[in-house]
$ cat upload_2.txt   # compact mmCIF, C-alpha atoms
# COMPACT_ATOMS: atom_id res chain seq x y z
CA MET A 18 19.28 51.44 16.51
CA GLN A 19 20.43 49.06 13.79
CA VAL A 20 21.63 46.55 16.42
CA LYS A 21 18.23 46.74 18.11
CA ASN A 22 16.43 46.08 14.81
CA VAL A 23 18.65 43.09 14.13
CA LEU A 24 17.92 41.71 17.60
CA VAL A 25 14.17 42.18 17.12
CA ASN A 26 14.31 40.48 13.74
CA LYS A 27 16.12 37.47 15.18
CA VAL A 28 13.70 37.19 18.12
CA VAL A 29 10.71 37.34 15.79
CA LEU A 30 12.34 34.83 13.48
CA LEU A 31 13.00 32.41 16.35
CA ILE A 32 9.37 32.73 17.52
CA LEU A 33 8.13 31.98 14.00
CA VAL A 34 10.51 29.04 13.65
CA VAL A 35 9.33 27.50 16.94
CA ALA A 36 5.63 28.18 16.30
CA ILE A 37 5.53 26.92 12.71
CA SER A 38 7.73 23.92 13.56
CA ALA A 39 5.42 23.00 16.46
CA LEU A 40 2.40 23.33 14.16
CA PHE A 41 4.06 21.16 11.51
CA MET A 42 5.07 18.48 14.04
CA THR A 43 1.52 18.45 15.42
CA MET A 44 0.17 18.05 11.89
CA ILE A 45 2.34 15.02 11.11
CA ARG A 46 2.41 13.51 14.62
CA GLN A 47 0.58 10.35 13.50
CA PHE A 48 3.39 9.70 10.99
CA LEU A 49 6.33 10.47 13.29
CA MET A 50 6.76 6.88 14.44
CA ALA A 51 6.75 5.59 10.87
CA ILE A 52 9.29 8.26 9.88
CA PHE A 53 11.50 7.42 12.84
CA MET A 54 11.43 3.69 12.08
CA ALA A 55 12.14 4.46 8.41
CA GLY A 56 15.24 6.39 9.43
CA LEU A 57 16.33 3.62 11.79
CA PHE A 58 15.92 0.83 9.24
CA SER A 59 17.49 2.95 6.50
CA ALA A 60 20.60 3.38 8.63
CA MET A 61 20.74 -0.37 9.26
CA VAL A 62 20.36 -1.42 5.60
CA SER A 63 22.48 1.42 4.24
CA PRO A 64 25.53 -0.86 3.68
CA ILE A 65 23.36 -3.21 1.61
CA HIS A 66 22.01 -0.27 -0.38
CA GLN A 67 25.50 1.05 -1.05
CA TRP A 68 26.66 -2.41 -2.16
CA LEU A 69 23.72 -2.71 -4.55
CA THR A 70 24.36 0.79 -5.89
CA LEU A 71 27.91 -0.16 -6.78
CA ARG A 72 26.77 -3.38 -8.46
CA LEU A 73 24.09 -1.47 -10.41
CA LYS A 74 26.60 1.17 -11.59
CA GLY A 75 25.29 4.07 -9.51
CA ARG A 76 21.53 3.59 -9.99
CA GLU A 77 20.50 4.53 -6.45
CA ASN A 78 16.73 4.51 -7.06
CA PHE A 79 16.77 0.96 -8.41
CA ALA A 80 19.01 -0.12 -5.51
CA SER A 81 16.52 1.43 -3.06
CA ILE A 82 13.62 -0.44 -4.65
CA LEU A 83 15.48 -3.75 -4.47
CA THR A 84 16.42 -3.10 -0.83
CA ILE A 85 12.81 -2.38 0.12
CA ILE A 86 11.57 -5.45 -1.76
CA GLY A 87 14.11 -7.53 0.17
CA ILE A 88 12.81 -6.11 3.47
CA VAL A 89 9.23 -6.97 2.49
CA PHE A 90 9.97 -10.58 1.53
CA LEU A 91 12.60 -11.38 4.16
CA ILE A 92 11.13 -9.57 7.17
CA LEU A 93 7.59 -8.23 6.80
CA ILE A 94 5.90 -11.23 5.18
CA PRO A 95 7.38 -13.82 7.63
CA LEU A 96 6.57 -11.46 10.50
CA SER A 97 2.95 -11.17 9.31
CA ILE A 98 2.64 -14.95 9.18
CA LEU A 99 4.10 -15.23 12.69
CA ILE A 100 1.67 -12.59 14.00
CA GLY A 101 -1.24 -14.53 12.50
CA VAL A 102 -0.12 -17.76 14.18
CA VAL A 103 0.48 -15.97 17.50
CA ALA A 104 -2.95 -14.31 17.38
CA GLY A 105 -4.65 -17.64 16.72
CA GLN A 106 -2.80 -19.36 19.55
CA ALA A 107 -3.47 -16.42 21.89
CA VAL A 108 -7.21 -16.89 21.44
CA HIS A 109 -6.84 -20.65 21.91
CA VAL A 110 -4.79 -20.17 25.10
CA GLY A 111 -7.37 -17.75 26.48
CA GLN A 112 -10.21 -20.15 25.70
CA SER A 113 -8.38 -23.08 27.31
CA VAL A 114 -7.18 -21.26 30.43
CA THR A 115 -10.60 -19.86 31.32
CA PRO A 116 -12.36 -23.27 31.74
CA TRP A 117 -9.32 -24.57 33.64
CA VAL A 118 -9.59 -21.80 36.22
CA GLU A 119 -13.39 -22.08 36.35
CA SER A 120 -13.05 -25.78 37.21
CA PHE A 121 -11.14 -24.80 40.35
CA ILE A 122 -13.87 -22.33 41.27
CA ARG A 123 -16.61 -24.96 40.86
CA GLN A 124 -14.59 -27.63 42.68
CA PRO A 125 -12.77 -26.09 45.66
CA GLY A 126 -11.65 -29.56 46.77
CA ALA A 127 -9.51 -29.96 43.66
CA PHE A 128 -7.86 -26.62 44.36
CA THR A 129 -7.17 -27.72 47.92
CA LYS A 130 -5.26 -30.78 46.64
CA TYR A 131 -2.92 -28.48 44.73
CA LEU A 132 -2.49 -26.25 47.75
CA GLU A 133 -1.38 -29.25 49.80
CA LYS A 134 1.76 -29.46 47.64
CA VAL A 135 2.70 -25.85 48.38
CA PRO A 136 5.01 -25.05 51.31
CA PHE A 137 3.27 -23.39 54.30
CA TYR A 138 0.00 -25.00 53.24
CA GLU A 139 -1.64 -24.42 56.64
CA GLN A 140 -1.05 -20.67 56.44
CA ILE A 141 -2.50 -20.44 52.91
CA LEU A 142 -5.61 -22.62 53.44
CA PRO A 143 -7.65 -19.98 55.37
CA TYR A 144 -7.38 -17.70 52.33
CA ARG A 145 -8.64 -20.35 49.87
CA ASP A 146 -12.04 -18.74 49.32
CA MET A 147 -10.50 -15.33 48.76
CA ILE A 148 -8.03 -16.81 46.23
CA LEU A 149 -10.89 -18.48 44.36
CA GLU A 150 -12.86 -15.23 44.33
CA LYS A 151 -9.89 -13.30 42.93
CA ALA A 152 -9.33 -16.05 40.36
CA GLY A 153 -12.94 -15.73 39.22
CA GLN A 154 -12.52 -11.98 38.83
CA ALA A 155 -9.32 -12.55 36.87
CA VAL A 156 -11.12 -14.96 34.53
CA GLY A 157 -13.79 -12.36 33.86
CA MET A 158 -11.17 -9.71 33.17
CA ILE A 159 -9.29 -12.03 30.80
CA SER A 160 -12.48 -12.88 28.92
CA ASN A 161 -13.42 -9.21 28.53
CA LEU A 162 -9.87 -8.40 27.44
CA LEU A 163 -9.95 -11.08 24.75
CA ILE A 164 -13.33 -9.88 23.47
CA ASN A 165 -12.19 -6.26 23.36
CA SER A 166 -8.89 -7.22 21.74
CA LEU A 167 -10.60 -9.23 19.02
CA SER A 168 -13.05 -6.41 18.31
CA SER A 169 -10.22 -3.91 17.84
CA MET A 170 -7.91 -6.31 15.98
CA THR A 171 -9.17 -5.26 12.53
CA MET A 172 -8.59 -1.54 13.16
CA MET A 173 -5.12 -2.20 14.58
CA THR A 174 -4.24 -4.27 11.52
CA VAL A 175 -5.36 -1.50 9.16
CA ASN A 176 -3.37 1.14 11.08
CA ALA A 177 -0.27 -1.06 11.23
CA LEU A 178 -0.49 -1.77 7.49
CA PHE A 179 -0.86 1.94 6.73
CA ASN A 180 2.17 2.82 8.90
CA VAL A 181 4.25 0.10 7.24
CA VAL A 182 3.41 1.51 3.79
CA ILE A 183 4.39 5.02 4.96
CA MET A 184 7.62 3.66 6.45
CA LEU A 185 8.62 1.88 3.24
CA TYR A 186 7.78 4.95 1.15
CA VAL A 187 9.90 7.20 3.40
CA MET A 188 12.71 4.64 3.38
CA PHE A 189 13.00 4.96 -0.38
CA TYR A 190 13.89 8.65 -0.07
CA PHE A 191 16.03 8.18 3.03
CA LEU A 192 18.16 5.63 1.19
CA THR A 193 18.65 7.88 -1.84
CA MET A 194 19.01 11.28 -0.16
CA GLY A 195 19.47 10.52 3.54
CA ASP A 196 22.98 12.00 3.67
CA VAL A 197 21.77 15.34 2.29
CA LEU A 198 18.92 15.47 4.81
CA LEU A 199 21.23 14.59 7.69
CA GLN A 200 23.69 17.31 6.72
CA LYS A 201 20.84 19.84 6.71
CA ILE A 202 19.68 18.75 10.17
CA LEU A 203 23.20 18.99 11.59
CA TYR A 204 23.71 22.38 9.94
CA TYR A 205 20.65 23.84 11.69
CA LEU A 206 21.60 22.28 15.02
CA PRO A 207 23.51 24.98 16.98
CA LEU A 208 26.19 22.66 18.34
CA SER A 209 29.85 22.23 17.55
CA ASP A 210 30.74 19.66 14.93
CA GLN A 211 32.41 17.50 17.58
CA ASP A 212 29.26 17.41 19.73
CA GLU A 213 27.05 16.75 16.70
CA GLN A 214 29.22 13.84 15.64
CA ARG A 215 29.20 12.56 19.20
CA LEU A 216 25.40 12.56 19.35
CA LEU A 217 25.13 11.05 15.88
CA HIS A 218 27.63 8.30 16.69
CA ARG A 219 25.88 7.49 19.96
CA PHE A 220 22.49 7.37 18.24
CA THR A 221 23.59 5.13 15.38
CA SER A 222 25.73 2.82 17.51
CA VAL A 223 23.13 2.30 20.24
CA ALA A 224 20.31 1.97 17.69
CA GLY A 225 22.21 -0.63 15.70
CA ALA A 226 23.41 -2.50 18.78
CA THR A 227 19.95 -2.46 20.36
CA MET A 228 18.28 -3.73 17.21
CA LYS A 229 20.92 -6.40 16.68
CA SER A 230 21.00 -7.66 20.26
CA THR A 231 17.22 -7.45 20.71
CA LEU A 232 16.46 -9.39 17.54
CA ILE A 233 19.13 -12.07 17.85
CA ILE A 234 18.80 -12.70 21.59
CA GLY A 235 15.01 -12.42 21.45
CA ILE A 236 14.72 -14.91 18.59
CA LEU A 237 17.10 -17.39 20.23
CA GLN A 238 15.60 -17.19 23.71
CA GLY A 239 12.02 -17.11 22.45
CA GLY A 240 12.67 -20.02 20.09
CA LEU A 241 14.36 -22.17 22.74
CA CYS A 242 11.75 -21.45 25.40
CA GLY A 243 8.90 -21.98 22.95
CA PHE A 244 10.43 -25.34 21.98
CA ALA A 245 10.72 -26.20 25.69
CA PHE A 246 7.02 -25.39 26.15
CA PHE A 247 6.22 -27.68 23.20
CA LEU A 248 8.26 -30.52 24.71
CA ALA A 249 6.62 -29.96 28.09
CA GLY A 250 3.16 -30.29 26.51
CA ILE A 251 2.07 -26.69 27.14
CA GLN A 252 -0.48 -25.43 24.63
CA GLY A 253 0.28 -22.37 22.52
CA SER A 254 4.03 -22.86 22.41
CA VAL A 255 4.42 -20.39 19.50
CA PHE A 256 2.41 -17.77 21.38
CA TRP A 257 4.37 -18.21 24.60
CA GLY A 258 7.67 -18.30 22.69
CA THR A 259 6.81 -14.97 21.06
CA VAL A 260 5.86 -13.47 24.41
CA MET A 261 9.18 -14.63 25.89
CA ALA A 262 11.06 -13.22 22.89
CA VAL A 263 9.59 -9.82 23.78
CA MET A 264 10.22 -10.32 27.51
CA SER A 265 13.88 -11.19 26.83
CA ILE A 266 14.75 -7.48 26.53
CA ILE A 267 13.93 -6.85 30.22
CA PRO A 268 17.17 -7.09 32.23
CA ALA A 269 17.42 -9.45 35.23
CA PHE A 270 13.96 -11.01 34.69
CA GLY A 271 13.50 -11.58 30.96
CA THR A 272 11.88 -14.85 29.90
CA ALA A 273 11.59 -16.03 33.52
CA ILE A 274 8.51 -13.81 33.82
CA VAL A 275 6.71 -16.41 31.67
CA TRP A 276 8.44 -19.76 32.19
CA GLY A 277 8.83 -19.30 35.96
CA PRO A 278 5.07 -19.41 36.72
CA ALA A 279 4.67 -22.17 34.10
CA LEU A 280 7.30 -24.26 35.93
CA ILE A 281 5.47 -23.75 39.23
CA VAL A 282 2.13 -24.80 37.69
CA LEU A 283 3.73 -27.93 36.21
CA ALA A 284 5.25 -28.77 39.58
CA LEU A 285 1.90 -28.35 41.35
CA THR A 286 0.13 -30.55 38.80
CA GLY A 287 2.79 -33.28 39.08
CA HIS A 288 4.30 -32.93 35.60
CA PHE A 289 7.90 -33.22 36.77
CA THR A 290 9.22 -34.10 33.32
CA GLY A 291 8.01 -30.73 32.09
CA VAL A 292 9.59 -29.08 35.14
CA ILE A 293 12.97 -30.58 34.25
CA ILE A 294 12.60 -29.55 30.59
CA LEU A 295 11.79 -25.93 31.47
CA ALA A 296 14.51 -25.75 34.13
CA VAL A 297 17.20 -27.04 31.75
CA ILE A 298 16.25 -25.39 28.45
CA CYS A 299 14.69 -22.14 29.69
CA GLY A 300 16.70 -21.67 32.87
CA ALA A 301 20.13 -23.09 32.19
CA VAL A 302 20.46 -22.71 28.40
CA ALA A 303 18.29 -19.77 27.30
CA GLY A 304 18.81 -17.88 30.54
CA ASN A 305 22.57 -17.70 29.99
CA LEU A 306 22.43 -16.65 26.33
CA ASP A 307 22.01 -13.01 27.32
CA ASN A 308 25.20 -13.02 29.42
CA ILE A 309 27.17 -14.77 26.67
CA LEU A 310 25.93 -13.00 23.53
CA ARG A 311 25.00 -9.45 24.58
CA PRO A 312 28.57 -8.24 25.35
CA ARG A 313 29.72 -9.51 21.94
CA LEU A 314 26.71 -8.11 20.08
CA VAL A 315 26.52 -4.74 21.79
CA GLY A 316 30.15 -3.92 22.50
CA LYS A 317 31.61 -2.03 25.43
CA ASP A 318 31.50 1.37 23.72
CA THR A 319 27.69 1.31 23.44
CA GLU A 320 26.73 -0.73 26.50
CA MET A 321 24.80 1.06 29.22
CA HIS A 322 24.25 0.22 32.84
CA ASP A 323 21.43 -2.26 33.44
CA LEU A 324 19.39 0.40 35.24
CA PHE A 325 19.37 2.66 32.18
CA VAL A 326 18.47 -0.29 29.97
CA LEU A 327 15.69 -1.40 32.32
CA PHE A 328 14.04 1.99 32.81
CA GLY A 329 14.65 2.99 29.21
CA THR A 330 12.97 -0.18 27.96
CA LEU A 331 10.01 -0.12 30.35
CA GLY A 332 9.49 3.61 29.93
CA GLY A 333 9.79 3.29 26.16
CA ILE A 334 7.14 0.55 26.08
CA ALA A 335 4.82 2.65 28.26
CA LEU A 336 5.24 5.71 26.03
CA PHE A 337 5.63 4.26 22.54
CA GLY A 338 4.17 0.75 22.79
CA ILE A 339 6.05 -2.27 21.48
CA LEU A 340 8.43 -0.03 19.51
CA GLY A 341 9.62 1.37 22.84
CA ILE A 342 11.81 -1.73 23.09
CA ILE A 343 14.08 -0.01 20.55
CA ILE A 344 13.28 3.67 21.11
CA GLY A 345 13.60 3.60 24.92
CA PRO A 346 17.28 2.57 25.09
CA ILE A 347 18.11 5.07 22.32
CA ILE A 348 16.55 7.92 24.30
CA SER A 349 18.41 6.74 27.41
CA ALA A 350 21.69 6.78 25.48
CA LEU A 351 21.01 10.28 24.12
CA PHE A 352 20.10 11.43 27.64
CA ILE A 353 23.45 10.20 28.92
CA THR A 354 25.36 11.66 25.98
CA ILE A 355 23.79 15.12 26.21
CA TRP A 356 24.68 15.31 29.90
CA GLU A 357 28.24 14.25 29.06
CA ILE A 358 28.39 17.06 26.49
CA TYR A 359 27.00 19.46 29.10
CA GLY A 360 29.70 18.37 31.54
CA ASP A 361 32.43 18.98 28.95
CA ALA A 362 31.03 22.36 27.88
CA PHE A 363 30.65 23.72 31.44
CA LYS A 364 33.50 21.93 33.15
CA GLU A 365 35.14 25.28 33.94
CA TYR A 366 32.13 26.22 36.09
CA LEU A 367 31.47 22.86 37.73
CA PRO A 368 33.27 21.97 40.96
CA GLU A 369 35.36 18.85 41.28
CA VAL A 370 33.86 15.89 43.08
CA GLY A 371 36.04 13.89 45.45
CA GLN A 372 35.78 10.20 46.25
CA LEU A 373 32.79 9.10 48.30
CA ASN A 374 33.23 6.60 51.14
CA ASN A 375 36.82 5.95 49.97
CA ARG A 376 35.53 3.89 47.04
CA PRO A 377 36.92 4.22 43.52
CA GLN A 378 34.46 6.05 41.28
CA LYS A 379 33.02 4.32 38.25
CA ASN A 380 31.26 5.50 35.14
CA ILE A 381 27.61 4.64 35.61
CA THR A 382 26.95 4.69 31.88
CA GLU A 383 29.05 1.61 31.19
CA CYS A 384 29.19 -1.70 33.02
CA GLY A 385 32.62 -2.63 34.22
CA ASN A 386 34.23 0.66 33.18
CA ASP A 387 36.61 2.05 35.79
CA ASP A 388 36.93 5.56 34.34
CA ASP A 389 36.56 8.41 36.83
CA THR A 390 33.41 10.49 36.69
CA GLY A 391 34.82 13.52 38.43
CA HIS A 392 35.24 16.72 36.43
CA GLU A 393 38.61 17.48 35.06

$ encode --input "upload_2.txt" --output "structure tokens"
Amino acid sequence: MQVKNVLVNKVVLLILVVAISALFMTMIRQFLMAIFMAGLFSAMVSPIHQWLTLRLKGRENFASILTIIGIVFLILIPLSILIGVVAGQAVHVGQSVTPWVESFIRQPGAFTKYLEKVPFYEQILPYRDMILEKAGQAVGMISNLLINSLSSMTMMTVNALFNVVIMLYVMFYFLTMGDVLLQKILYYLPLSDQDEQRLLHRFTSVAGATMKSTLIIGILQGGLCGFAFFLAGIQGSVFWGTVMAVMSIIPAFGTAIVWGPALIVLALTGHFTGVIILAVICGAVAGNLDNILRPRLVGKDTEMHDLFVLFGTLGGIALFGILGIIIGPIISALFITIWEIYGDAFKEYLPEVGQLNNRPQKNITECGNDDDTGHE
């Protein structure tokens, strides 16, 4: 009877824990992203905070304040200025592109001259009217999108500013008592210490590597490609450079999503100097930065297969917005790690897997790793 009462008490307790936790998470769901980013940035600047604490003779609160002030002046203020410039150039680009496309619609003969420079011109010419019609629809969609974006810009700015304030406020406490909070979380997590440390190491390593590689490679590729656009005489070079900095995180395609069509347009309009500039700077120089820098910035122990990076990034952007660039790969890494832990925990019950098609098996989670994936 006593065993039954204990079992009932634990079941009821688990139900209450799940229900109240779900209610609490629902209540603070609008702050979850700010809290997550606060934890991520706190982990990244923790060495700086510890160094300041030592220099200030153990005054952690003052060290936290100085760290947050440094983030505001070194990151947030320059980023706000950049966003303002990008927003202004985005509007200018939209206003300049719309008349350019409309000129083709009003003058089909001019459009035909450009088509004559395209291979298989004869096959494309019968579809000229349909192309012009679709271009007109695209112009209308772009115009409506710009109007809607401008109307919602103020509300987005207010929400972003509010989330930044929440993030900085939470960072102050994470920097001073983050270790205590982390120990509590790990204590309540019903996993072995080895598995907890494995998850924690994977999270911190991938988060740090993703942030580092994304920022450095994005800034370099976006800066170089934006400079190439400026040299080629393309308007809104800062805007396009920022867009390409964001696009640089997409494996295989990256900045080519932007400069590729721009190169084609320059070629069709006869600006071959601009074509050479984009091909050399964007294609040859910036395009190879990812292959050169990413292995050194990320490291083999945290690198994932390109497929996991691609789907993690795209899925993260679809689910979390622009922050999905960072969150998506982290979730992909945790997904891989938790299945690795599952494989180790249940390896006694899982059958061995032989070689397929007489090919040596490779670990899909790491590029170039020749470790076997079969169960021990």

$ atom_distance --input "upload_2.txt" --atom1 "atom CA of A:Thr193" --atom2 "atom CA of A:Arg72"
15.4 Å

$ closest_atom_pairs --input "upload_2.txt" --of "stretch 25-72 of chain A" --to "stretch 81-85 of chain A" --cutoff "8 Å" --atoms "only C-alpha atoms" --output "JSON lines"
{"residue": "A:Val62", "atom": "CA", "partner": "A:Thr84", "partner_atom": "CA", "distance": 7.7}
{"residue": "A:Ile65", "atom": "CA", "partner": "A:Thr84", "partner_atom": "CA", "distance": 7.4}
{"residue": "A:His66", "atom": "CA", "partner": "A:Thr84", "partner_atom": "CA", "distance": 6.3}

$ atom_distance --input "upload_2.txt" --atom1 "atom CA of A:Ile267" --atom2 "atom CA of A:Ile281"
20.9 Å

$ residues_around --input "upload_2.txt" --residues "stretch 288-303 of chain A" --least-positions-apart "3" --cutoff "9 Å" --atoms "all atoms listed in the file" --output "JSON list (two decimals) with C-alpha atoms, in the frame of the given file"
[["chain", "number", "residue", "atom", "x", "y", "z"],
["A", 237, "LEU", "CA", 17.10, -17.39, 20.23],
["A", 238, "GLN", "CA", 15.60, -17.19, 23.71],
["A", 239, "GLY", "CA", 12.02, -17.11, 22.45],
["A", 241, "LEU", "CA", 14.36, -22.17, 22.74],
["A", 242, "CYS", "CA", 11.75, -21.45, 25.40],
["A", 243, "GLY", "CA", 8.90, -21.98, 22.95],
["A", 244, "PHE", "CA", 10.43, -25.34, 21.98],
["A", 245, "ALA", "CA", 10.72, -26.20, 25.69],
["A", 246, "PHE", "CA", 7.02, -25.39, 26.15],
["A", 248, "LEU", "CA", 8.26, -30.52, 24.71],
["A", 249, "ALA", "CA", 6.62, -29.96, 28.09],
["A", 250, "GLY", "CA", 3.16, -30.29, 26.51],
["A", 251, "ILE", "CA", 2.07, -26.69, 27.14],
["A", 272, "THR", "CA", 11.88, -14.85, 29.90],
["A", 273, "ALA", "CA", 11.59, -16.03, 33.52],
["A", 276, "TRP", "CA", 8.44, -19.76, 32.19],
["A", 277, "GLY", "CA", 8.83, -19.30, 35.96],
["A", 279, "ALA", "CA", 4.67, -22.17, 34.10],
["A", 280, "LEU", "CA", 7.30, -24.26, 35.93],
["A", 281, "ILE", "CA", 5.47, -23.75, 39.23],
["A", 282, "VAL", "CA", 2.13, -24.80, 37.69],
["A", 283, "LEU", "CA", 3.73, -27.93, 36.21],
["A", 284, "ALA", "CA", 5.25, -28.77, 39.58],
["A", 285, "LEU", "CA", 1.90, -28.35, 41.35],
["A", 306, "LEU", "CA", 22.43, -16.65, 26.33],
["A", 307, "ASP", "CA", 22.01, -13.01, 27.32]]

$ atom_distance --input "upload_2.txt" --atom1 "atom CA of A:Ser265" --atom2 "atom CA of A:Met61"
21.7 Å
